[in-house]
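**Student:** To be precise about what I am sending: the file is called work_22.cif and holds mmCIF, C-alpha atoms.
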data_coords
loop_
_atom_site.label_atom_id
_atom_site.label_comp_id
_atom_site.auth_asym_id
_atom_site.auth_seq_id
_atom_site.Cartn_x
_atom_site.Cartn_y
_atom_site.Cartn_z
CA MET X 1 36.88 22.66 -12.53
CA GLU X 2 33.88 21.35 -14.42
CA LEU X 3 33.14 18.26 -16.45
CA GLY X 4 32.46 18.98 -20.11
CA ASN X 5 31.24 16.49 -22.68
CA ASN X 6 30.87 15.84 -26.38
CA ILE X 7 27.74 13.73 -26.12
CA ARG X 8 25.62 15.96 -28.31
CA ARG X 9 28.26 16.11 -31.03
CA LEU X 10 28.81 12.34 -30.86
CA ARG X 11 25.09 11.67 -31.09
CA PHE X 12 24.89 13.54 -34.36
CA GLU X 13 28.15 12.12 -35.69
CA LYS X 14 27.05 8.56 -35.01
CA GLY X 15 23.89 8.93 -37.09
CA ASP X 16 21.45 11.31 -35.42
CA ILE X 17 20.98 9.17 -32.32
CA SER X 18 18.21 10.57 -30.14
CA GLN X 19 18.61 11.16 -26.40
CA GLU X 20 15.98 8.49 -25.85
CA VAL X 21 17.92 5.83 -27.78
CA LEU X 22 21.11 6.69 -25.89
CA ALA X 23 19.18 6.63 -22.59
CA ASN X 24 17.77 3.19 -23.36
CA GLY X 25 21.21 2.02 -24.44
CA VAL X 26 22.87 2.91 -21.15
CA GLY X 27 19.87 2.20 -18.89
CA VAL X 28 18.91 5.66 -17.66
CA THR X 29 16.11 8.12 -18.39
CA ARG X 30 16.12 10.62 -21.24
CA GLN X 31 16.03 13.42 -18.67
CA THR X 32 19.30 12.20 -17.17
CA ILE X 33 21.02 12.24 -20.57
CA HIS X 34 19.63 15.73 -21.17
CA SER X 35 21.02 16.95 -17.83
CA ILE X 36 24.45 15.40 -18.50
CA GLU X 37 24.58 16.99 -21.95
CA LYS X 38 23.76 20.39 -20.49
CA GLY X 39 26.45 19.94 -17.83
CA LYS X 40 23.90 20.17 -15.03
CA PHE X 41 24.45 16.65 -13.76
CA VAL X 42 27.81 14.93 -13.30
CA PRO X 43 27.49 11.21 -14.07
CA SER X 44 29.14 8.47 -12.03
CA ALA X 45 32.28 6.84 -13.43
CA LEU X 46 30.22 3.77 -14.29
CA LEU X 47 27.71 5.75 -16.32
CA ALA X 48 30.47 7.73 -18.01
CA PHE X 49 32.09 4.47 -19.14
CA LYS X 50 28.75 3.10 -20.31
CA ILE X 51 28.16 6.19 -22.44
CA ALA X 52 31.67 5.98 -23.90
CA LEU X 53 31.12 2.28 -24.62
CA PHE X 54 27.84 3.09 -26.34
CA PHE X 55 29.65 5.45 -28.72
CA ASP X 56 32.55 3.02 -29.03
CA ALA X 57 34.91 5.82 -28.05
CA PRO X 58 37.44 6.35 -25.25
CA VAL X 59 36.07 8.08 -22.15
CA ASP X 60 38.32 11.12 -22.56
CA GLN X 61 36.86 11.66 -26.02
CA VAL X 62 33.37 11.83 -24.54
CA PHE X 63 34.16 13.65 -21.29
CA PHE X 64 36.84 16.24 -20.56
CA ILE X 65 37.77 18.60 -17.75
CA ILE X 66 37.17 22.31 -18.11
CA ASP X 67 39.72 24.13 -15.97
CA ASN X 68 38.26 27.44 -14.91
CA MET F 69 13.83 -4.95 -18.51
CA PHE F 70 10.05 -4.65 -18.73
CA ARG F 71 8.40 -5.03 -22.07
CA LEU F 72 5.00 -3.40 -22.16
CA ASN F 73 2.67 -5.45 -24.32
CA LYS F 74 0.62 -3.40 -26.78
CA ASN F 75 -2.22 -5.93 -26.58
CA ILE F 76 -2.63 -5.30 -22.83
CA ILE F 77 -2.96 -1.57 -23.49
CA SER F 78 -5.45 -2.21 -26.29
CA VAL F 79 -7.59 -4.44 -24.05
CA PHE F 80 -7.55 -1.89 -21.20
CA THR F 81 -8.27 0.98 -23.58
CA ILE F 82 -11.19 -0.78 -25.27
CA ALA F 83 -12.59 -1.73 -21.84
CA THR F 84 -12.20 1.85 -20.61
CA LEU F 85 -13.85 3.24 -23.74
CA LEU F 86 -16.85 0.92 -23.35
CA LEU F 87 -17.09 1.53 -19.59
CA GLY F 88 -16.81 5.28 -20.19
CA ILE F 89 -19.71 5.20 -22.68
CA ILE F 90 -21.82 3.11 -20.27
CA SER F 91 -20.99 5.60 -17.48
CA LEU F 92 -22.13 8.48 -19.67
CA LEU F 93 -25.41 6.64 -20.30
CA TRP F 94 -25.78 6.14 -16.53
CA LEU F 95 -25.21 9.89 -16.04
CA VAL F 96 -27.96 10.67 -18.55
CA TYR F 97 -30.24 8.30 -16.62
CA ASP F 98 -29.32 9.98 -13.32
CA TYR F 99 -29.89 13.44 -14.79
CA PHE F 100 -33.39 12.65 -16.05
CA LEU F 101 -34.30 10.85 -12.86
CA TYR F 102 -33.13 13.78 -10.72
CA ASN F 103 -35.25 16.11 -12.84
CA GLN F 104 -38.31 13.93 -12.13
CA ILE F 105 -37.61 13.29 -8.45
CA LYS F 106 -36.53 16.81 -7.45
CA PRO F 107 -39.96 18.54 -7.68
CA VAL F 108 -41.62 15.60 -5.89
CA ILE F 109 -39.13 15.69 -3.00
CA LEU F 110 -39.16 19.48 -2.72
CA GLY F 111 -42.99 19.40 -2.63
CA PHE F 112 -42.98 16.43 -0.16
CA GLY F 113 -45.12 14.40 -2.56
CA GLU F 114 -45.32 10.63 -2.94
CA LEU F 115 -42.42 9.12 -4.89
CA GLY F 116 -44.34 5.99 -5.92
CA ARG F 117 -42.67 4.21 -8.84
CA LEU F 118 -39.81 6.74 -8.82
CA GLU F 119 -38.57 5.25 -5.56
CA GLN F 120 -37.80 1.96 -7.31
CA LEU F 121 -36.09 3.76 -10.19
CA ALA F 122 -34.01 5.75 -7.69
CA GLU F 123 -32.49 2.49 -6.43
CA PHE F 124 -30.59 2.29 -9.73
CA VAL F 125 -28.92 5.63 -8.99
CA TRP F 126 -26.93 3.95 -6.19
CA LEU F 127 -25.97 1.20 -8.60
CA SER F 128 -24.85 3.78 -11.16
CA TYR F 129 -22.48 5.39 -8.64
CA LEU F 130 -21.12 2.01 -7.59
CA PHE F 131 -20.48 1.28 -11.27
CA MET F 132 -18.79 4.65 -11.81
CA PHE F 133 -16.63 4.13 -8.72
CA MET F 134 -15.19 0.96 -10.28
CA VAL F 135 -14.79 2.62 -13.69
CA HIS F 136 -12.67 5.34 -12.07
CA ILE F 137 -10.24 2.73 -10.76
CA ILE F 138 -10.00 0.94 -14.12
CA ALA F 139 -9.61 4.30 -15.89
CA GLY F 140 -6.75 5.20 -13.53
CA ILE F 141 -4.87 2.01 -14.42
CA THR F 142 -5.52 2.55 -18.15
CA LEU F 143 -4.30 6.15 -18.05
CA LEU F 144 -1.11 5.07 -16.30
CA LEU F 145 -0.55 2.42 -18.96
CA HIS F 146 -1.00 5.11 -21.63
CA LEU F 147 1.55 7.34 -19.90
CA ARG F 148 4.02 4.50 -19.66
CA TYR F 149 3.57 3.47 -23.26
CA PHE F 150 3.53 6.84 -25.01
CA ARG F 151 5.80 8.60 -22.48
CA VAL F 152 4.20 11.99 -23.08
CA ILE F 153 2.44 14.24 -20.58
CA GLY F 154 0.34 16.89 -22.27
CA LEU F 155 -2.31 19.32 -21.14
CA ILE F 156 -5.04 16.76 -21.81
CA ASN F 157 -3.31 14.26 -19.47
CA ILE F 158 -3.09 16.83 -16.69
CA LEU F 159 -6.74 17.80 -17.23
CA ILE F 160 -7.92 14.21 -17.20
CA VAL F 161 -5.95 13.50 -13.99
CA LEU F 162 -7.40 16.60 -12.31
CA PHE F 163 -10.97 15.84 -13.36
CA GLY F 164 -10.46 12.13 -12.66
CA ILE F 165 -9.39 12.73 -9.06
CA THR F 166 -12.15 15.29 -8.50
CA SER F 167 -14.75 13.03 -10.09
CA PHE F 168 -13.52 10.04 -8.06
CA LEU F 169 -13.80 11.98 -4.81
CA ALA F 170 -17.15 13.39 -5.95
CA VAL F 171 -18.61 9.86 -6.05
CA PHE F 172 -18.30 9.78 -2.25
CA SER F 173 -19.86 13.24 -1.99
CA ASP F 174 -22.73 12.04 -4.22
CA TRP F 175 -23.36 9.14 -1.87
CA ALA F 176 -23.32 11.45 1.13
CA ILE F 177 -25.64 14.03 -0.49
CA LEU F 178 -28.10 11.40 -1.73
CA GLY F 179 -28.16 9.92 1.76
CA ASP F 180 -28.82 13.37 3.24
CA ILE F 181 -31.62 14.10 0.76
CA SER F 182 -33.24 10.75 1.52
CA LYS F 183 -33.08 11.28 5.30
CA GLU F 184 -34.19 14.92 5.17
CA TYR F 185 -37.12 14.07 2.86
CA GLU F 186 -38.29 11.39 5.31
CA ALA F 187 -37.93 13.85 8.19
CA GLY F 188 -39.90 16.50 6.29
CA LEU F 189 -36.94 18.89 5.95
CA ASP F 190 -36.09 21.19 3.05
CA THR F 191 -33.50 19.77 0.61
CA SER F 192 -33.24 22.66 -1.85
CA GLY F 193 -29.60 23.35 -0.83
CA GLU F 194 -28.38 19.87 -1.78
CA TRP F 195 -29.69 19.69 -5.35
CA PRO F 196 -27.43 22.33 -6.97
CA ILE F 197 -24.35 20.53 -5.53
CA LEU F 198 -25.64 17.25 -6.93
CA TYR F 199 -25.98 18.79 -10.39
CA ILE F 200 -22.49 20.37 -10.23
CA LEU F 201 -21.00 16.99 -9.32
CA LEU F 202 -22.96 15.42 -12.17
CA GLY F 203 -21.31 17.97 -14.47
CA ILE F 204 -17.82 17.07 -13.17
CA HIS F 205 -18.48 13.35 -13.79
CA THR F 206 -19.74 14.15 -17.29
CA ILE F 207 -16.63 16.19 -18.17
CA PHE F 208 -14.36 13.43 -16.88
CA PHE F 209 -16.12 10.65 -18.77
CA LEU F 210 -16.23 12.72 -21.96
CA LEU F 211 -12.47 13.32 -21.66
CA LEU F 212 -11.91 9.66 -20.86
CA THR F 213 -13.85 8.33 -23.85
CA GLY F 214 -12.22 10.93 -26.14
CA VAL F 215 -8.70 10.02 -24.99
CA SER F 216 -9.43 6.28 -25.16
CA ALA F 217 -10.72 6.61 -28.73
CA ALA F 218 -7.65 8.68 -29.71
CA VAL F 219 -5.30 6.15 -28.11
CA LEU F 220 -6.96 3.26 -29.95
CA ARG F 221 -6.45 5.15 -33.21
CA ARG F 222 -2.78 5.76 -32.42
CA LEU F 223 -2.27 2.13 -31.47
CA LYS F 224 -3.69 1.12 -34.83
CA GLU F 225 -1.26 3.45 -36.57
CA LYS F 226 1.63 2.05 -34.55
CA ARG F 227 0.86 -1.52 -35.60
CA GLY F 228 4.01 -3.58 -35.81
CA GLU F 229 6.07 -0.99 -33.96
CA GLU F 230 6.78 -2.21 -30.43
CA MET F 231 8.23 0.24 -27.94
CA THR F 232 10.61 -1.09 -25.33
CA VAL F 233 10.57 0.86 -22.12
CA GLN F 234 13.69 0.46 -20.02
CA LYS F 235 13.31 3.16 -17.42
CA ASP F 236 9.96 4.27 -16.15
CA GLU F 237 10.40 7.96 -16.67
CA MET F 238 6.72 8.57 -17.23
CA VAL F 239 5.55 6.65 -14.19
CA PHE F 240 8.17 8.46 -12.12
CA THR F 241 6.96 11.85 -13.40
CA ALA F 242 3.29 10.87 -13.19
CA ALA F 243 3.75 9.81 -9.56
CA GLN F 244 5.19 13.24 -8.74
CA TYR F 245 2.34 15.05 -10.52
CA VAL F 246 -0.30 12.94 -8.77
CA GLY F 247 1.52 13.45 -5.45
CA LEU F 248 1.53 17.19 -6.05
CA ILE F 249 -2.20 17.27 -6.84
CA CYS F 250 -3.12 14.99 -3.90
CA GLY F 251 -0.93 17.09 -1.60
CA VAL F 252 -2.62 20.34 -2.65
CA ILE F 253 -6.13 18.85 -2.38
CA GLY F 254 -5.25 17.33 1.00
CA LEU F 255 -3.84 20.59 2.36
CA PHE F 256 -6.92 22.53 1.24
CA TRP F 257 -9.14 19.88 2.76
CA THR F 258 -7.25 19.85 6.09
CA VAL F 259 -7.33 23.65 6.40
CA PHE F 260 -11.02 23.67 5.40
CA ALA F 261 -11.84 20.95 7.96
CA LEU F 262 -9.87 22.80 10.64
CA VAL F 263 -11.87 25.97 9.98
CA VAL F 264 -15.19 24.06 9.89
CA SER F 265 -14.32 22.17 13.09
CA GLN F 266 -14.34 25.45 15.04
CA ARG F 267 -18.13 25.64 14.45
CA LEU F 268 -19.26 22.09 13.68
CA PRO F 269 -18.06 18.74 15.02
CA VAL F 270 -15.57 17.03 12.68
CA SER F 271 -14.80 13.59 14.04
CA TYR F 272 -11.37 11.98 14.04
CA TYR F 273 -12.71 9.08 11.94
CA HIS F 274 -14.19 11.39 9.27
CA MET F 275 -10.86 13.16 8.99
CA LEU F 276 -8.98 9.87 8.78
CA ALA F 277 -11.35 8.42 6.14
CA SER F 278 -11.30 11.55 3.98
CA SER F 279 -7.49 11.77 4.17
CA ILE F 280 -7.17 8.15 3.05
CA MET F 281 -9.57 8.82 0.17
CA ILE F 282 -7.47 11.77 -1.00
CA LEU F 283 -4.36 9.61 -0.87
CA ILE F 284 -5.89 6.76 -2.92
CA PRO F 285 -4.80 8.09 -6.38
CA TYR F 286 -1.22 8.52 -5.16
CA GLY F 287 -1.33 5.09 -3.53
CA LEU F 288 -2.51 3.55 -6.82
CA VAL F 289 0.31 5.15 -8.82
CA VAL F 290 2.91 4.06 -6.29
CA LEU F 291 1.44 0.56 -6.21
CA TYR F 292 1.54 0.38 -10.01
CA TRP F 293 5.14 1.59 -10.03
CA PHE F 294 6.04 -0.93 -7.35
CA ILE F 295 4.47 -3.81 -9.31
CA LEU F 296 6.51 -2.82 -12.38
CA LYS F 297 9.68 -2.65 -10.31
CA CYS F 298 9.21 -6.04 -8.65
CA ASN F 299 11.06 -7.72 -11.52
CA GLU F 300 14.11 -5.48 -11.10
CA LYS F 301 16.91 -5.33 -8.55
CA ILE F 302 16.35 -2.67 -5.87
CA GLY F 303 19.49 -0.87 -7.04
CA ASP F 304 17.94 -0.46 -10.50
CA TRP F 305 14.68 1.08 -9.33
CA TYR F 306 15.97 4.60 -9.98
CA ASP F 307 18.75 5.78 -12.22
CA GLU F 308 21.50 7.79 -10.54
CA LYS F 309 20.00 11.20 -11.28
CA GLN F 310 16.56 10.11 -10.06
CA SER F 311 18.18 8.80 -6.86
CA ARG F 312 19.95 12.11 -6.32
CA ASP F 313 16.72 14.06 -6.92
CA VAL F 314 14.71 11.84 -4.57
CA TYR F 315 17.33 11.99 -1.78
CA ARG F 316 17.72 15.73 -2.14
CA SER F 317 13.97 16.43 -2.11
CA GLY F 318 13.42 14.00 0.77
CA PHE F 319 16.00 15.75 2.90
CA THR F 320 14.74 19.26 1.99
CA THR F 321 11.16 18.17 2.76
CA LEU F 322 12.24 16.93 6.17
CA VAL F 323 14.05 20.18 6.93
CA LEU F 324 11.10 22.32 5.75
CA THR F 325 8.39 20.38 7.56
CA ILE F 326 10.03 20.81 10.97
CA PRO F 327 9.43 24.61 11.23
CA LEU F 328 5.99 24.20 9.62
CA MET F 329 4.96 21.61 12.20
CA LEU F 330 6.37 23.78 14.97
CA ALA F 331 4.30 26.72 13.71
CA LEU F 332 1.17 24.53 13.62
CA PHE F 333 1.90 23.25 17.13
CA LEU F 334 2.20 26.82 18.43
CA VAL F 335 -1.04 27.87 16.68
CA ILE F 336 -3.09 24.91 17.93
CA HIS F 337 -1.74 25.08 21.48
CA ASN F 338 -1.99 28.84 21.80
CA ASP F 339 -4.76 29.30 24.38
CA ALA F 340 -5.38 32.86 23.23
CA LEU F 341 -6.50 31.66 19.79
CA PHE F 342 -9.04 29.08 21.07
CA ILE F 343 -8.38 26.70 18.17
CA ARG F 344 -9.78 23.21 18.63
CA GLY F 345 -8.69 20.04 16.82
CA ASP F 346 -5.50 18.41 18.07
CA TYR F 347 -5.65 15.62 15.50
CA PHE F 348 -5.26 17.90 12.46
CA TRP F 349 -1.48 17.85 12.78
CA PHE F 350 -1.19 14.39 11.26
CA PRO F 351 -3.02 14.97 7.92
CA PHE F 352 -1.28 18.35 7.78
CA LEU F 353 2.11 16.65 8.11
CA ILE F 354 1.26 13.95 5.55
CA PHE F 355 -0.09 16.33 2.91
CA THR F 356 2.60 18.97 3.44
CA SER F 357 5.31 16.33 3.10
CA LEU F 358 3.65 14.85 0.01
CA PHE F 359 3.22 18.25 -1.60
CA LEU F 360 6.79 19.43 -0.87
CA PHE F 361 8.41 16.13 -1.79
CA SER F 362 6.56 15.86 -5.13
CA LEU F 363 7.13 19.51 -5.99
CA LEU F 364 10.84 19.47 -5.13
CA THR F 365 11.43 16.18 -6.95
CA LEU F 366 9.68 17.47 -10.06
CA VAL F 367 11.58 20.75 -10.04
CA SER F 368 14.90 19.02 -9.39
CA TYR F 369 14.22 16.38 -12.04
CA ARG F 370 13.14 18.84 -14.72
CA ARG F 371 15.45 21.76 -14.05
CA THR F 372 18.79 20.07 -13.39
#
Here is the file; what I need is its structure written in the form of structure tokens.
**Tutor:**
Amino acid sequence: MELGNNIRRLRFEKGDISQEVLANGVGVTRQTIHSIEKGKFVPSALLAFKIALFFDAPVDQVFFIIDN
Amino acid sequence: MFRLNKNIISVFTIATLLLGIISLLWLVYDYFLYNQIKPVILGFGELGRLEQLAEFVWLSYLFMFMVHIIAGITLLLHLRYFRVIGLINILIVLFGITSFLAVFSDWAILGDISKEYEAGLDTSGEWPILYILLGIHTIFFLLLTGVSAAVLRRLKEKRGEEMTVQKDEMVFTAAQYVGLICGVIGLFWTVFALVVSQRLPVSYYHMLASSIMILIPYGLVVLYWFILKCNEKIGDWYDEKQSRDVYRSGFTTLVLTIPLMLALFLVIHNDALFIRGDYFWFPFLIFTSLFLFSLLTLVSYRRT
């Protein structure tokens, strides 16, 4: 099982938000957002909620489980 | 949250630009003075008035030593503010560290020339090194003044636009790059000193002093980072990915250094090899750890 996400899609839907703006909004580095987007880094529950809160969307709309 | 004031950067950049120009003028002075002194010293003539002028050469190196430190702080402020590491930044860091270390070599070589001249010994071997080091200083100060002028122009363009920096990504990355460079330089130096020590005496104190000098740039970056972090809670010093990368690289470094140190121990204590220099293990450990830790953190941070 892997953790997938819609961060990239949400960033563009919510008005072309850059990774840097999102990173500043949730208090992490741009590189961390980049790694989460690419699925290379699994965020903590706290960070996942922060990201969802930033987009004003439920967590399961931002993150989802990929069942291999 | 740390808000980096644009005025502070402007003040540091203007100061660095002015100090860089003055340093370049000092280098021109040194160059012309060397050209006048060199034939006199090589021919064992009387220095006369040149001896008084040569006193200013020491002052010029003392001045340049301080400019290097201020330039280091300014460059870190630039990295933090603009959050971009380009080829020019890497070049300026490389030349900056080399030039900074070269100041100490200049002092040593000038001291040697002075003593050998008084003792009636030939100094023709020292002069080419002095000129090469002069060239390194010149390249660094040219880069420094060029970058400072470009930054001032960019700051003017960015008037009214204040950047808020929440996480110190650039300082984090810069610290790893500087650690990597210091680690490589330190490892080369330790191996070089170990080889030299088989023929010539290399004292424990020389090795200690030179190792500390190599570590100064890394120490300055870490100190700068620490000062910035003093206003934050310890838990906020790294974000969760940075923490993972640092823990992972720290552990891997520890695991990798054990066999390396064991190999060094076996080499130094192998009677058949006749290798002298028991105290080399410590700088070797420090620089290997620094090199591996910085490299692994950078790779982990950038790739995953």
**Student:** Kindly resolve the PyMOL selection byres ((chain X) within 9 of (chain F)) on the present coordinates and return the residues as a compact mmCIF listing (two decimals) with C-alpha atoms, keeping the file's coordinate frame.
**Tutor:**
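Heads up, here's the output in part.txt:
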# COMPACT_ATOMS: atom_id res chain seq x y z
CA ALA X 23 19.18 6.63 -22.59
CA ASN X 24 17.77 3.19 -23.36
CA GLY X 25 21.21 2.02 -24.44
CA GLY X 27 19.87 2.20 -18.89
CA VAL X 28 18.91 5.66 -17.66
CA THR X 29 16.11 8.12 -18.39
CA ARG X 30 16.12 10.62 -21.24
CA GLN X 31 16.03 13.42 -18.67
CA THR X 32 19.30 12.20 -17.17
CA HIS X 34 19.63 15.73 -21.17
CA SER X 35 21.02 16.95 -17.83
CA ILE X 36 24.45 15.40 -18.50
CA LYS X 38 23.76 20.39 -20.49
CA GLY X 39 26.45 19.94 -17.83
CA LYS X 40 23.90 20.17 -15.03
CA PHE X 41 24.45 16.65 -13.76
CA VAL X 42 27.81 14.93 -13.30
CA PRO X 43 27.49 11.21 -14.07
CA SER X 44 29.14 8.47 -12.03
CA LEU X 47 27.71 5.75 -16.32
**Student:** Assuming the chain letters and numbering stay as they are in my file, what does the PyMOL selection byres ((chain F and resi 270-275) around 9) actually select? List them as a VMD selection string.
**Tutor:** chain F and resid 258 261 to 262 264 to 266 268 to 269 276 to 280 345 347 to 348 351
**Student:** With distances taken over all atoms listed in the file, which of F:Leu366, F:Ile207, F:Ile336, F:Leu110 is nearest to Ser317 in chain F?
**Tutor:**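 Selected residue with least distance to Ser317 in chain F: F:Leu366.
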**Student:** Tell me which residues the PyMOL selection byres ((chain X and resi 51) around 12) grabs here, as JSON, numbers by chain.
**Tutor:** {"X": [5, 6, 7, 8, 10, 11, 19, 21, 22, 23, 24, 25, 26, 27, 28, 32, 33, 36, 37, 43, 44, 45, 46, 47, 48, 49, 50, 52, 53, 54, 55, 56, 57, 58, 59, 60, 61, 62, 63]}
**Student:** If I take CA of Leu162 in chain F and CA of Ser192 in chain F, how far is one from the other in Å, to one decimal?
**Tutor:**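 One can read the CA of Leu162 in chain F to CA of Ser192 in chain F distance as 28.5 Å.
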**Student:** Record the distance separating CA of Thr142 in chain F and CA of Ala217 in chain F, expressed in Å with one decimal.
**Tutor:**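 Value for the CA of Thr142 in chain F-CA of Ala217 in chain F distance: 12.5 Å.
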**Student:** State, in Å with one decimal place, the distance from CA of Asp98 in chain F to CA of Ile284 in chain F.
**Tutor:** 25.8 Å
